[in-house]
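A.B. asks: First, the structure itself, so that you have it in front of you.
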Amino acid sequence: MKIKTYIDKGYKPGRDDLITEYYLEPNRISTEKAADHIAAESSIGTWTDIGTLDQRIIKRLKPSIFDIDKNNRIIKIAYHHELFEPGNMPEILSSIAGNIFGMKSVRNLRLMDIHFPKRIIDSFKGPRYGIEGIRKLTKVSRRPLLGTIIKPKIGLDEKSHARVAYESWAGGLDVVKDDENLSSMSFNSFKKRMKETFRLRDKAEKETGEKKIYMPNITAETFEMLNRAKIVDDFGGEYVMVDIITTGWAGLQTIRDRVKKVLHAHRAMHGALTRNPRHGMSMLAIAKCARLAGTDQLHIGTASIGKMNETGEECMDIEKEIESKRVFEHQNFLAQNWFDIKPVLAVASGGLHPGSIPKLLKKMGNDIVMQFGGGCHGHPDGTRAGASAIRQAADAAMQGVSLKEQAKKSQELASALKKFGIA
């Protein structure tokens, strides 16, 4: 049996339905036919009549295309919850974001949003700590968390890496994070890097009287990630970082279940899915999946302030504005109430410097991690001065003092503004 059509504009989604929103450009067929192909391939159908598909299955599990907006090229599909295994993010995405992207019937297809029903949400654990737990752990109650990524990304040995981390903490930053492609290298082994960096973290905490955080990148094969998380635990670390797209959703869920640390999620490779506005998967959809799967912190972009694609000088102002709205949509979702799933702390990173802070604070608020790489280590007087300039800028912005005014009494900030300017 073959289903004639999945289109049912009179269908009213039930509270247990999973609903998807797709941007759809059909390929030499009608929008309706392409939408039918998507609904079939993502659920119970196939390309021809089959004797194994009976009315019982159709009645219980057939999805419904209940809305088609041809002007905006948006279709909405409601799926019965039994099509998905509870708590299994890979299976869910294999259905609603799987083979459908490769079908001949679509020229472009983008998964814009996913509306999960409570019964599926309840099958996931979500973040272990969330914003409130992170605030309690870091002892930073109001202002944004301030951090850096060790630069260069790759090349420093273990002691040099630890020294740069120490200078960052001593200058006033809360957080030091490994970069996304630093793992265990021939010149910088994971275990030795942990030993050296955590030793100097402890030194920085004693000298400053402040809590200092190190986020080691444990990204690797799944069992090796668990081994590395154990090493972090042995040295007294409270965080681990995972490149969630390259690691995969199964690996992410395993780390959330097995590792009792704050989970910092880097989105390396997301551009392969999100950059084309007409194809792939939106960052909002990725953020929803990441929050369900258990990330405590997630990179979301810089709202047209930093260096990544959404902010390039070649972009027209309207494109920048659109991207800024997208970033806010991601951030608002991460922070809002979502049944019993804890809120996630958004991370802004990529091309930021001390002069970016007031604008970033105004656009994205206090509940955020601000990460500075070159904007810290590129300071004319070195890493510690760069860290001090960031802290000075953040303190001034929180107090409503202009950076130009603050720079009159803060030499590190004055030098940073001279080099980087004010965003």
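So you can find residues: chains in the structure tokens are A, B, ... in the order shown, residues in each start at 1, and ligands are numbered from 1 in order.
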Quick one: residues within 10 Å of Pro117 (chain A), only C-alpha atoms, excluding same-chain residues fewer than 5 positions away - as a list in words?

C.D. replies: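 Listed by chain and then number, they are Gly14, Arg15, Asp16, Asp17, Leu18, Ile19, His80, His81 and Asp122 of chain A.
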
A.B. asks: Write the residues of the preceding selection, restricted to N, CA and C atoms, as an mmCIF file, in the first residue's frame.

C.D. replies:
data_model
loop_
_atom_site.group_PDB
_atom_site.id
_atom_site.type_symbol
_atom_site.label_atom_id
_atom_site.label_comp_id
_atom_site.auth_asym_id
_atom_site.auth_seq_id
_atom_site.Cartn_x
_atom_site.Cartn_y
_atom_site.Cartn_z
ATOM 1 N N GLY A 14 -1.731 17.243 18.191
ATOM 2 C CA GLY A 14 -2.013 16.874 19.573
ATOM 3 C C GLY A 14 -0.856 17.234 20.480
ATOM 4 N N ARG A 15 -1.091 17.193 21.783
ATOM 5 C CA ARG A 15 -0.058 17.598 22.730
ATOM 6 C C ARG A 15 1.136 16.652 22.737
ATOM 7 N N ASP A 16 0.955 15.442 22.225
ATOM 8 C CA ASP A 16 2.056 14.480 22.189
ATOM 9 C C ASP A 16 2.756 14.420 20.836
ATOM 10 N N ASP A 17 2.362 15.259 19.900
ATOM 11 C CA ASP A 17 3.003 15.280 18.580
ATOM 12 C C ASP A 17 4.328 16.031 18.625
ATOM 13 N N LEU A 18 5.292 15.525 17.881
ATOM 14 C CA LEU A 18 6.512 16.279 17.615
ATOM 15 C C LEU A 18 6.288 17.038 16.315
ATOM 16 N N ILE A 19 6.524 18.340 16.314
ATOM 17 C CA ILE A 19 6.238 19.182 15.153
ATOM 18 C C ILE A 19 7.534 19.768 14.599
ATOM 19 N N HIS A 80 3.559 11.536 15.109
ATOM 20 C CA HIS A 80 3.121 10.828 16.309
ATOM 21 C C HIS A 80 4.350 10.476 17.143
ATOM 22 N N HIS A 81 4.246 10.616 18.441
ATOM 23 C CA HIS A 81 5.392 10.411 19.330
ATOM 24 C C HIS A 81 5.958 8.995 19.246
ATOM 25 N N ASP A 122 10.515 14.808 28.559
ATOM 26 C CA ASP A 122 10.691 14.118 29.839
ATOM 27 C C ASP A 122 11.604 12.899 29.738
#

A.B. asks: If we count only C-alpha atoms, what is near region 167-175 of chain A at a cut-off of 7 Å, once residues fewer than 6 positions away on the same chain are taken out, given as a PDB file with C-alpha atoms, in the first residue's frame?

C.D. replies:
ATOM      1  CA  LEU A 145      31.666  35.089  33.084  1.00  0.00           C
ATOM      2  CA  LEU A 146      34.864  36.257  31.400  1.00  0.00           C
ATOM      3  CA  GLY A 147      37.157  33.805  29.704  1.00  0.00           C
ATOM      4  CA  THR A 148      39.842  33.193  27.152  1.00  0.00           C
ATOM      5  CA  ALA A 204      46.019  31.655  40.625  1.00  0.00           C
ATOM      6  CA  THR A 208      43.599  36.231  43.612  1.00  0.00           C
ATOM      7  CA  LYS A 211      37.374  30.898  41.768  1.00  0.00           C
ATOM      8  CA  LYS A 212      39.141  29.991  38.524  1.00  0.00           C
ATOM      9  CA  ILE A 213      37.805  27.574  35.921  1.00  0.00           C
ATOM     10  CA  TYR A 214      39.652  25.438  33.378  1.00  0.00           C
ATOM     11  CA  THR A 383      48.228  38.124  28.062  1.00  0.00           C
ATOM     12  CA  ARG A 384      47.985  39.349  31.666  1.00  0.00           C
ATOM     13  CA  ALA A 385      47.448  42.916  30.512  1.00  0.00           C
ATOM     14  CA  ALA A 387      42.997  39.843  30.748  1.00  0.00           C
ATOM     15  CA  SER A 388      43.111  42.908  32.982  1.00  0.00           C
ATOM     16  CA  ARG A 391      38.007  42.674  33.420  1.00  0.00           C
TER      17      ARG A 391
END

A.B. asks: For Gly130 (chain A), work out the shell of residues within 12 Å, counting only C-alpha atoms and skipping chain neighbours fewer than 2 positions away, then give it as a PyMOL selection string.

C.D. replies: chain A and resi 125-128+132-137+261-264+291-292+294-298+334-337+340-346+367-368

A.B. asks: With N, CA and C atoms kept, could you save the residues just selected as a CSV table (one decimal), in the first residue's frame?

C.D. replies:
chain,number,residue,atom,x,y,z
A,125,LYS,N,17.5,14.0,30.0
A,125,LYS,CA,17.9,14.5,31.3
A,125,LYS,C,18.2,16.0,31.3
A,126,GLY,N,18.6,16.6,30.2
A,126,GLY,CA,19.0,18.0,30.1
A,126,GLY,C,20.2,18.3,30.9
A,127,PRO,N,20.5,19.6,31.1
A,127,PRO,CA,21.8,20.0,31.8
A,127,PRO,C,21.8,19.5,33.2
A,128,ARG,N,23.0,19.1,33.6
A,128,ARG,CA,23.1,18.7,35.0
A,128,ARG,C,23.2,19.9,36.0
A,132,GLU,N,21.9,28.4,37.0
A,132,GLU,CA,22.0,28.5,38.5
A,132,GLU,C,23.1,27.7,39.1
A,133,GLY,N,23.3,26.5,38.6
A,133,GLY,CA,24.4,25.7,39.1
A,133,GLY,C,25.8,26.2,38.8
A,134,ILE,N,25.9,26.8,37.6
A,134,ILE,CA,27.2,27.4,37.1
A,134,ILE,C,27.5,28.6,38.0
A,135,ARG,N,26.5,29.5,38.2
A,135,ARG,CA,26.7,30.7,39.0
A,135,ARG,C,27.1,30.3,40.4
A,136,LYS,N,26.5,29.3,41.0
A,136,LYS,CA,26.9,28.8,42.3
A,136,LYS,C,28.3,28.3,42.3
A,137,LEU,N,28.7,27.5,41.3
A,137,LEU,CA,30.0,26.9,41.3
A,137,LEU,C,31.1,28.0,41.1
A,261,LYS,N,30.3,16.5,35.5
A,261,LYS,CA,31.0,17.8,35.4
A,261,LYS,C,30.1,18.8,34.6
A,262,VAL,N,30.4,20.1,34.8
A,262,VAL,CA,29.7,21.1,33.9
A,262,VAL,C,30.1,20.8,32.5
A,263,LEU,N,29.2,20.7,31.6
A,263,LEU,CA,29.5,20.3,30.2
A,263,LEU,C,29.4,21.6,29.3
A,264,HIS,N,30.6,22.0,28.8
A,264,HIS,CA,30.7,23.1,27.9
A,264,HIS,C,30.7,22.6,26.5
A,291,ARG,N,20.3,21.2,24.3
A,291,ARG,CA,19.8,21.4,25.7
A,291,ARG,C,19.2,20.1,26.2
A,292,LEU,N,18.4,19.5,25.4
A,292,LEU,CA,17.8,18.2,25.8
A,292,LEU,C,18.9,17.2,26.1
A,294,GLY,N,21.8,17.6,27.2
A,294,GLY,CA,22.5,17.8,28.4
A,294,GLY,C,23.6,18.8,28.5
A,295,THR,N,23.8,19.7,27.5
A,295,THR,CA,24.9,20.7,27.6
A,295,THR,C,24.5,21.7,28.7
A,296,ASP,N,25.5,22.2,29.4
A,296,ASP,CA,25.3,23.3,30.4
A,296,ASP,C,25.6,24.6,29.8
A,297,GLN,N,26.5,24.7,28.8
A,297,GLN,CA,26.9,25.9,28.1
A,297,GLN,C,27.0,25.6,26.6
A,298,LEU,N,26.7,26.6,25.8
A,298,LEU,CA,26.7,26.4,24.4
A,298,LEU,C,27.0,27.6,23.6
A,334,LEU,N,17.6,29.2,25.1
A,334,LEU,CA,18.4,28.5,26.1
A,334,LEU,C,18.1,28.9,27.5
A,335,ALA,N,17.7,30.2,27.7
A,335,ALA,CA,17.5,30.7,29.1
A,335,ALA,C,16.0,30.6,29.6
A,336,GLN,N,15.1,30.3,28.7
A,336,GLN,CA,13.7,30.3,29.1
A,336,GLN,C,13.3,29.0,29.8
A,337,ASN,N,12.2,29.0,30.5
A,337,ASN,CA,11.7,27.8,31.1
A,337,ASN,C,11.3,26.8,30.1
A,340,ASP,N,11.0,20.8,32.9
A,340,ASP,CA,12.0,20.6,34.0
A,340,ASP,C,13.4,20.6,33.4
A,341,ILE,N,13.6,21.0,32.2
A,341,ILE,CA,14.9,21.0,31.6
A,341,ILE,C,15.6,22.3,32.0
A,342,LYS,N,16.7,22.2,32.7
A,342,LYS,CA,17.4,23.4,33.2
A,342,LYS,C,17.8,24.4,32.0
A,343,PRO,N,17.9,25.7,32.3
A,343,PRO,CA,18.4,26.6,31.3
A,343,PRO,C,19.9,26.5,31.0
A,344,VAL,N,20.3,26.8,29.9
A,344,VAL,CA,21.7,26.7,29.4
A,344,VAL,C,22.3,28.1,29.3
A,345,LEU,N,23.6,28.2,29.7
A,345,LEU,CA,24.3,29.4,29.7
A,345,LEU,C,24.9,29.6,28.3
A,346,ALA,N,24.5,30.7,27.6
A,346,ALA,CA,25.0,31.0,26.3
A,346,ALA,C,26.4,31.5,26.3
A,367,ASP,N,23.7,37.0,31.6
A,367,ASP,CA,23.8,35.5,31.7
A,367,ASP,C,24.4,35.0,30.4
A,368,ILE,N,25.7,35.2,30.4
A,368,ILE,CA,26.5,34.8,29.2
A,368,ILE,C,28.0,34.6,29.6

A.B. asks: With 10 Å as the cut-off and only C-alpha atoms counted, what is the closest atom pair between each nearby residue of region 190-284 of chain A and region 91-105 of chain A? Distances in Å to one decimal, ordered by chain and number, as CSV.

C.D. replies:
residue,atom,partner,partner_atom,distance
A:Trp249,CA,A:Leu93,CA,9.2
A:Ala250,CA,A:Glu91,CA,9.5
A:His279,CA,A:Phe101,CA,8.2
A:Gly280,CA,A:Phe101,CA,7.4
A:Met281,CA,A:Ala97,CA,7.9

A.B. asks: Give me the residues near Ala165 (chain A) as an MDAnalysis selection string, where near means some atom within 8 Å (using only C-alpha atoms) and where sequence neighbours in that chain fewer than 2 positions away do not count.

C.D. replies: chainID A and resid 150 161:163 167:169 176 197 200:201

A.B. asks: What is the CA of Asp395 (chain A)-CA of Gly373 (chain A) distance in Å, reported with one decimal?

C.D. replies: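 Those two atoms sit 19.1 Å apart.
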
A.B. asks: Just checking: using only C-alpha atoms, which residue out of A:Arg256, A:His330, A:His266, A:Lys192 ends up closest to Asn217 (chain A)?

C.D. replies: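 The shortest atom-to-atom distance to Asn217 (chain A) comes from A:His266.
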
A.B. asks: Return as a PyMOL selection string the full set of residues in region 57-251 of chain A whose backbone-based DSSP assignment is alpha helix (DSSP H).

C.D. replies: chain A and resi 57-61+89-96+118-121+130-138+158-170+190-208+222-234+244-247+249-251

A.B. asks: At what distance in Å, to one decimal, does CA of Ser123 (chain A) lie from CA of Pro86 (chain A)?

C.D. replies: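 Interatomic distance here is 5.4 Å.
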
A.B. asks: Could you list, as a list in words, every residue within 9 Å of Ile231 (chain A), counting only C-alpha atoms and ignoring same-chain residues fewer than 6 positions away?

C.D. replies: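 Here the answer would be Phe190, Lys191, Met194 and Gly237 of chain A.
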
A.B. asks: Would you pick out the contacts of Ala423 (chain A) at 8 Å or less, using only C-alpha atoms, so that residues sharing its chain but fewer than 2 positions from it are not included, and give the list as an MDAnalysis selection string?

C.D. replies: chainID A and resid 305 355:356 359 421

A.B. asks: Pick out the closest residue to Asn227 (chain A) from this set: A:Ile255, A:Phe187, A:Ile29, A:Ala78. Count only C-alpha atoms.

C.D. replies: A:Ile255

A.B. asks: Enumerate as a compact mmCIF listing (two decimals) with N, CA and C atoms, in the first residue's frame all residues of region 159-323 of chain A assigned to strand (DSSP E) by DSSP on the backbone, naming them with the chain letters and numbers the document uses.

C.D. replies:
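Below you can see out06.txt, which holds the result:
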# COMPACT_ATOMS: atom_id res chain seq x y z
N VAL A 175 37.72 32.19 33.40
CA VAL A 175 37.69 30.94 32.65
C VAL A 175 38.85 30.87 31.66
N VAL A 176 39.46 29.71 31.58
CA VAL A 176 40.40 29.39 30.50
C VAL A 176 39.89 28.13 29.82
N LYS A 177 39.81 28.18 28.49
CA LYS A 177 39.25 27.07 27.72
C LYS A 177 40.24 26.60 26.66
N ILE A 213 38.34 28.73 36.63
CA ILE A 213 37.81 27.57 35.92
C ILE A 213 38.69 27.23 34.73
N TYR A 214 38.98 25.94 34.57
CA TYR A 214 39.65 25.44 33.38
C TYR A 214 38.70 24.48 32.68
N MET A 215 38.53 24.67 31.36
CA MET A 215 37.64 23.83 30.56
C MET A 215 38.49 23.01 29.58
N TYR A 239 34.87 21.15 35.08
CA TYR A 239 34.31 21.30 33.74
C TYR A 239 34.96 20.32 32.78
N VAL A 240 34.24 19.95 31.74
CA VAL A 240 34.82 19.36 30.54
C VAL A 240 34.19 20.04 29.34
N MET A 241 34.93 20.05 28.25
CA MET A 241 34.44 20.64 27.01
C MET A 241 34.37 19.56 25.94
N VAL A 242 33.31 19.59 25.13
CA VAL A 242 33.14 18.62 24.05
C VAL A 242 32.72 19.36 22.78
N ASP A 243 33.33 19.00 21.66
CA ASP A 243 32.89 19.50 20.35
C ASP A 243 31.68 18.66 19.95
N VAL A 262 30.37 20.10 34.76
CA VAL A 262 29.71 21.07 33.90
C VAL A 262 30.15 20.79 32.47
N LEU A 263 29.21 20.72 31.56
CA LEU A 263 29.50 20.34 30.18
C LEU A 263 29.44 21.56 29.27
N HIS A 264 30.62 21.97 28.80
CA HIS A 264 30.73 23.11 27.89
C HIS A 264 30.72 22.58 26.46
N ALA A 265 29.76 23.06 25.67
CA ALA A 265 29.57 22.54 24.31
C ALA A 265 30.10 23.53 23.28
N HIS A 266 31.12 23.11 22.55
CA HIS A 266 31.61 23.88 21.41
C HIS A 266 30.86 23.40 20.17
N GLY A 280 19.95 22.74 5.23
CA GLY A 280 20.63 22.24 6.42
C GLY A 280 19.75 22.29 7.65
N MET A 281 20.30 22.88 8.69
CA MET A 281 19.62 22.86 10.00
C MET A 281 19.93 24.16 10.72
N GLN A 297 26.51 24.68 28.83
CA GLN A 297 26.91 25.90 28.14
C GLN A 297 27.00 25.61 26.65
N LEU A 298 26.65 26.60 25.81
CA LEU A 298 26.65 26.37 24.37
C LEU A 298 27.05 27.64 23.63
N HIS A 299 28.01 27.50 22.71
CA HIS A 299 28.38 28.61 21.83
C HIS A 299 27.21 28.92 20.90

A.B. asks: Within 8 Å of Thr246 (chain A), counting only C-alpha atoms, which residues qualify if same-chain residues fewer than 2 places away don't, as a list of chain:residue names?

C.D. replies: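 After dropping sequence-adjacent residues, the list is A:Asp243, A:Ile244, A:Gly248, A:Ala268, A:Met269.
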
A.B. asks: Point out the residue among A:His377, A:Lys2, A:Arg110, A:Arg73 with the least atom-to-atom distance to Ile58 (chain A), counting only C-alpha atoms.

C.D. replies: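 Once distances to Ile58 (chain A) are computed over only C-alpha atoms, the minimum belongs to A:Lys2.
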
A.B. asks: Restricting the calculation to only C-alpha atoms, which member of A:Glu25, A:Glu41, A:Asp49, A:Glu221 is positioned closest to Lys4 (chain A)?

C.D. replies: A:Asp49
